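Scroll down for the structure; my scribbles are underneath it.
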Amino acid sequence: MNEENIQNDDVQDGPEVTPQKPVTPPSGFDGLPSLPLEEYDIPEAEEEVVVNTTAGATDYAIIGAGQCGGRLAKAFYDSGYKKAVAVNAAEQDLAPLDLPESHKLHMDMGASGAGKDMTKGEAAATKYYQQIFDLMRNTFGRCQHILVCAGAGGGTGGGSIPIIIKAAKKYIEFIQAGDPNKNVGVVLTLPTAGELASGSVRMNTKEVLGTIATLAMAKQISPFIIVDNDKIGKLYRGLSPKAFWPTINNTVSGLFDIFNRLAKMSSEFTSFDPVDYRSIMECGGCCIMGLTRIKQLDNETSVSQALATNIEKTLLAGGFDLGTAKFAGSIAVGGSNVMSKAGLQDMLNYGMDTVNNLVGSATLHRGVYESPNPNDADVLKVYTLIGGLEPPKALMNSLGINATELWPGEG
């Protein structure tokens with residue numbers, strides 16, 4: 001069979017092929033459909049409505065739960081932390097709180113609050129979880145660290161605090177502000193001895209303190225600051241009822257603010273910088289703060305003796321084993337006349353060495369500053385910040401919390 005016959009056979013036996021006409025694309029088609037999105041430009045980020053006015057190293061946001069937490073949030077707000085909000089199941093406690101209305105959330109459960117029933121507080125926070133998150137989003141914007149404030153003995157604060165911690169950590173994740181375990185902390189106020197005489201208050205305190213301390217020891221929150229209202233009440237004896245709580249709360253927020261401000265200040269001597277500060281605030285465990293005004297600078301031990309007293313006189317809870325600390329800061333601020341005093345450097349070195357001995361193997365950051373305030377010309381103040389501490393076991397045991405069972409590997 002020749003080549004011609006092969007070609008003919010193929011043509012005869014194969015299927016009939018109909019030539020295809022070229023398809024003309026519809027008008028405006030260039031291979032992919034056009035979408036309005038092509039003309040959309042990403043807008044510039046809107047300016048935050050709420051901005052902190054304090055000049056600190058860390059941009060904090062505050063959420064207060066219950067009456068005690070709301071009061072603390074208000075104190076932080078007054079100290080310049082304008083990213084402060086309050087939530088409460090009791091409208092009568094929330095309404096008189098002098099915060100912008102947009103900073104408050106009434107977790108309405110159809111009753112007059114949670115009373116001392118923590119199950120109601122937990123239920124309220126669970127029901128209003130999304131509204132709590134939205135409140136943070138609308139008020140906090142960008143922030144670096146969130147502090148959750150609550151009272152241990154109440155129903156709303158004590159019951160809602162685990163849920164609010166969860167929401168705060170979720171928010172830190174949402175804005176990609178870092179590790180939520182390091183950037184969400186708790187300020188917990190303990191009832192007075194008189195309040196602890198109530199069985200429900202005592203049981204609430206035991207449960208909440210044990211729960212939050214366990215989170216702190218597991219480094220799932222940082223820092224954990226315990227405010228002992230009974231201890232503070234004895235220090236501020238003689239105040240009128242109207243001045244009592246504002247004085248306590250403003251002192252706590254003010255002392256907290258001082259360390260945040262110091263970490264932002266430059267020094268011609270020794271700086272306590274933002275990295276030093278954050279190492280203390282993010283190391284987990286409990287945190288204490290203290291302040292001492294040194295009136296006499298007679299000899300080399302004047303500063304060291306004052307510093308040792310400083311830690312015991314802290315407005316926060318006492319009874320900590322300082323040897324369990326992980327990080328600490330000791331910062332001296334003196335007026336112009338004090339900073340010119342001969343021998344002061346030796347006194348400061350000796351005093352800070354004393355703190356170093358008290359905190360064992362913890363890393364101690366030091367800072368020395370001159371105060372620009374002319375009224376402080378003859379004043380020397382020393383501030384102490386200690387983090388990573390184990391919870392105060394004597395306090396825990398007094399409430400019926402077996403600290404050894406909770407943290408058998410510590411100490």
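A note on labels: chains of the structure tokens are A, B, ... as shown, every chain counts residues from 1, and ligands are counted from 1 in their shown order.
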
- prompt: A:Ile161: which residues within 9 Å, counting only C-alpha atoms, same-chain residues fewer than 6 positions away excluded, as a ChimeraX atom specification?
  reply: /A:65,121-122,125,148-150,186,208,212

Keeping only C-alpha atoms, write the selected residues as a PDB file, in the first residue's frame.
```pdb
ATOM      1  CA  ALA A  65     -14.337  44.020  86.946  1.00  0.00           C
ATOM      2  CA  GLY A 121     -20.315  36.857  87.971  1.00  0.00           C
ATOM      3  CA  GLU A 122     -18.942  34.047  85.833  1.00  0.00           C
ATOM      4  CA  ALA A 125     -18.883  37.504  81.837  1.00  0.00           C
ATOM      5  CA  VAL A 148      -7.181  43.036  84.685  1.00  0.00           C
ATOM      6  CA  CYS A 149      -8.264  44.496  88.039  1.00  0.00           C
ATOM      7  CA  ALA A 150     -10.742  42.910  90.448  1.00  0.00           C
ATOM      8  CA  VAL A 186      -3.754  40.909  87.175  1.00  0.00           C
ATOM      9  CA  VAL A 208      -9.935  33.418  93.381  1.00  0.00           C
ATOM     10  CA  ILE A 212      -4.923  33.460  89.890  1.00  0.00           C
TER      11      ILE A 212
END
```

Hey, could you make a per-residue contact list for stretch 121-206 of chain A against stretch 252-262 of chain A with 12 Å as the cut-off, showing the nearest pair of atoms and its distance in Å to one decimal, counting only C-alpha atoms, sorted by chain and number, as a Markdown table?
```
| residue | atom | partner | partner_atom | distance |
| --- | --- | --- | --- | --- |
| A:His145 | CA | A:Asn260 | CA | 11.8 |
| A:Leu147 | CA | A:Phe256 | CA | 11.2 |
| A:Cys149 | CA | A:Ser253 | CA | 11.0 |
| A:Val187 | CA | A:Val252 | CA | 9.6 |
| A:Leu188 | CA | A:Val252 | CA | 11.3 |
| A:Thr189 | CA | A:Val252 | CA | 10.5 |
```

Would you mind exporting the chosen residues as a tab-separated table (two decimals), in the first residue's frame, restricted to N, CA and C atoms?
```tsv
chain	number	residue	atom	x	y	z
A	145	HIS	N	0.19	45.96	76.80
A	145	HIS	CA	0.00	45.14	78.00
A	145	HIS	C	-1.37	45.48	78.59
A	147	LEU	N	-3.88	45.07	81.97
A	147	LEU	CA	-4.02	44.72	83.39
A	147	LEU	C	-5.50	44.51	83.70
A	149	CYS	N	-8.15	44.13	86.62
A	149	CYS	CA	-8.26	44.50	88.04
A	149	CYS	C	-9.58	43.99	88.60
A	187	VAL	N	-4.25	42.66	88.76
A	187	VAL	CA	-4.16	43.37	90.04
A	187	VAL	C	-5.37	42.92	90.85
A	188	LEU	N	-5.12	42.20	91.93
A	188	LEU	CA	-6.19	41.61	92.74
A	188	LEU	C	-6.17	42.21	94.14
A	189	THR	N	-7.29	42.76	94.58
A	189	THR	CA	-7.38	43.33	95.92
A	189	THR	C	-7.98	42.30	96.87
```

message: Applying 9 Å and only C-alpha atoms, which residues near A:Ala394 remain after dropping the ones on its own chain fewer than 2 positions away? List them as a ChimeraX atom specification.
response: /A:319-320,391-392,396-399,403

Residues just named, written with C-alpha atoms as a compact mmCIF listing (two decimals), in the first residue's frame:
```
# COMPACT_ATOMS: atom_id res chain seq x y z
CA GLY A 319 5.08 37.92 103.42
CA PHE A 320 6.89 37.05 100.20
CA PRO A 391 2.87 33.68 96.25
CA PRO A 392 3.05 34.52 99.97
CA MET A 396 -2.38 31.56 101.35
CA ASN A 397 -2.34 29.14 104.26
CA SER A 398 -4.28 31.58 106.45
CA LEU A 399 -7.09 31.39 103.92
CA ALA A 403 0.42 26.37 98.72
```

field: Residue nearest A:Glu268 among A:Gly367, A:Gly290, A:Gly329, A:Gly153 (counting only C-alpha atoms)
entry: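 Between A:Gly367, A:Gly290, A:Gly329, A:Gly153, the residue approaching A:Glu268 most closely is A:Gly367.
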
Kindly assemble as JSON lines a list of the stretch 96-140 of chain A residues that lie within 8 Å of stretch 163-172 of chain A, each paired with its nearest atom pair and their distance in Å to one decimal, using only C-alpha atoms, sorted first by chain and then by ascending residue number.
```
{"residue": "A:Glu122", "atom": "CA", "partner": "A:Ile163", "partner_atom": "CA", "distance": 7.1}
{"residue": "A:Ala125", "atom": "CA", "partner": "A:Ile163", "partner_atom": "CA", "distance": 6.2}
{"residue": "A:Thr126", "atom": "CA", "partner": "A:Ile163", "partner_atom": "CA", "distance": 6.6}
{"residue": "A:Tyr129", "atom": "CA", "partner": "A:Ala167", "partner_atom": "CA", "distance": 7.1}
{"residue": "A:Ile132", "atom": "CA", "partner": "A:Ala167", "partner_atom": "CA", "distance": 7.4}
{"residue": "A:Phe133", "atom": "CA", "partner": "A:Ala167", "partner_atom": "CA", "distance": 6.1}
{"residue": "A:Met136", "atom": "CA", "partner": "A:Tyr171", "partner_atom": "CA", "distance": 7.6}
{"residue": "A:Arg137", "atom": "CA", "partner": "A:Tyr171", "partner_atom": "CA", "distance": 7.7}
```

query: Skipping near chain neighbours, those fewer than 2 positions away, what residues fall within 9 Å of A:Lys326 using only C-alpha atoms, listed as a PyMOL selection string?
result: chain A and resi 280+283-285+323-324+328+359-364+386-389

Export N, CA and C atoms of the chosen residues as a JSON list (two decimals), in the first residue's frame?
```json
[["chain", "number", "residue", "atom", "x", "y", "z"],
["A", 280, "ILE", "N", 11.00, 42.48, 84.29],
["A", 280, "ILE", "CA", 10.35, 42.29, 85.59],
["A", 280, "ILE", "C", 8.85, 42.07, 85.43],
["A", 283, "CYS", "N", 7.91, 38.41, 83.64],
["A", 283, "CYS", "CA", 8.58, 37.16, 84.03],
["A", 283, "CYS", "C", 7.66, 36.19, 84.77],
["A", 284, "GLY", "N", 6.37, 36.51, 84.90],
["A", 284, "GLY", "CA", 5.45, 35.64, 85.61],
["A", 284, "GLY", "C", 5.57, 35.80, 87.12],
["A", 285, "GLY", "N", 4.83, 34.99, 87.86],
["A", 285, "GLY", "CA", 4.88, 35.07, 89.32],
["A", 285, "GLY", "C", 4.27, 36.35, 89.85],
["A", 323, "GLY", "N", 13.79, 35.56, 98.17],
["A", 323, "GLY", "CA", 14.76, 34.70, 97.52],
["A", 323, "GLY", "C", 14.22, 33.96, 96.32],
["A", 324, "THR", "N", 12.89, 33.99, 96.14],
["A", 324, "THR", "CA", 12.29, 33.32, 94.98],
["A", 324, "THR", "C", 12.15, 34.24, 93.78],
["A", 328, "ALA", "N", 14.53, 42.03, 89.44],
["A", 328, "ALA", "CA", 14.23, 43.12, 90.35],
["A", 328, "ALA", "C", 14.84, 44.41, 89.82],
["A", 359, "VAL", "N", 17.31, 39.47, 97.18],
["A", 359, "VAL", "CA", 16.59, 38.78, 96.10],
["A", 359, "VAL", "C", 17.36, 37.57, 95.57],
["A", 360, "GLY", "N", 18.39, 37.15, 96.26],
["A", 360, "GLY", "CA", 19.09, 35.92, 95.92],
["A", 360, "GLY", "C", 19.71, 35.94, 94.54],
["A", 361, "SER", "N", 19.35, 34.98, 93.73],
["A", 361, "SER", "CA", 19.96, 34.84, 92.41],
["A", 361, "SER", "C", 19.24, 35.64, 91.33],
["A", 362, "ALA", "N", 18.27, 36.45, 91.72],
["A", 362, "ALA", "CA", 17.53, 37.25, 90.74],
["A", 362, "ALA", "C", 18.45, 38.27, 90.07],
["A", 363, "THR", "N", 18.11, 38.61, 88.84],
["A", 363, "THR", "CA", 18.83, 39.67, 88.13],
["A", 363, "THR", "C", 18.34, 41.01, 88.64],
["A", 364, "LEU", "N", 19.26, 41.84, 89.14],
["A", 364, "LEU", "CA", 18.90, 43.16, 89.67],
["A", 364, "LEU", "C", 19.30, 44.25, 88.67],
["A", 386, "ILE", "N", 10.08, 44.22, 92.30],
["A", 386, "ILE", "CA", 10.55, 42.83, 92.33],
["A", 386, "ILE", "C", 9.50, 41.94, 91.67],
["A", 387, "GLY", "N", 9.94, 41.10, 90.73],
["A", 387, "GLY", "CA", 9.02, 40.24, 90.00],
["A", 387, "GLY", "C", 9.44, 38.78, 90.03],
["A", 388, "GLY", "N", 8.49, 37.91, 89.65],
["A", 388, "GLY", "CA", 8.76, 36.48, 89.60],
["A", 388, "GLY", "C", 8.69, 35.78, 90.94],
["A", 389, "LEU", "N", 8.09, 36.43, 91.93],
["A", 389, "LEU", "CA", 8.03, 35.87, 93.28],
["A", 389, "LEU", "C", 6.98, 34.77, 93.39]]
```

task: Using DSSP on the backbone, list every residue of stretch 76-147 of chain A that comes out as strand (DSSP E), and give them as a list in words.
output: Ala84, Val85, Ala86, Val87, Asn88, Lys104, Leu105, His106, His145, Ile146 and Leu147 of chain A

Export C-alpha atoms of the chosen residues as a short mmCIF file (atom, residue, chain, number, x, y, z; two decimals), in the first residue's frame?
```cif
data_model
loop_
_atom_site.label_atom_id
_atom_site.label_comp_id
_atom_site.auth_asym_id
_atom_site.auth_seq_id
_atom_site.Cartn_x
_atom_site.Cartn_y
_atom_site.Cartn_z
CA ALA A 84 -9.33 52.07 81.04
CA VAL A 85 -12.73 50.37 81.08
CA ALA A 86 -15.03 48.91 83.72
CA VAL A 87 -17.57 46.07 83.60
CA ASN A 88 -20.09 45.21 86.28
CA LYS A 104 -18.40 51.16 80.88
CA LEU A 105 -20.33 47.95 80.26
CA HIS A 106 -23.33 46.86 82.31
CA HIS A 145 0.00 45.14 78.00
CA ILE A 146 -3.42 44.67 79.63
CA LEU A 147 -4.02 44.72 83.39
#
```

- prompt: Which residue, A:Asn357, A:Ser160, A:Asn249, A:Thr214, has the smallest gap to A:Tyr128 when you use only C-alpha atoms?
  reply: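 Answer, going by the shortest atom-to-atom distance: A:Ser160.
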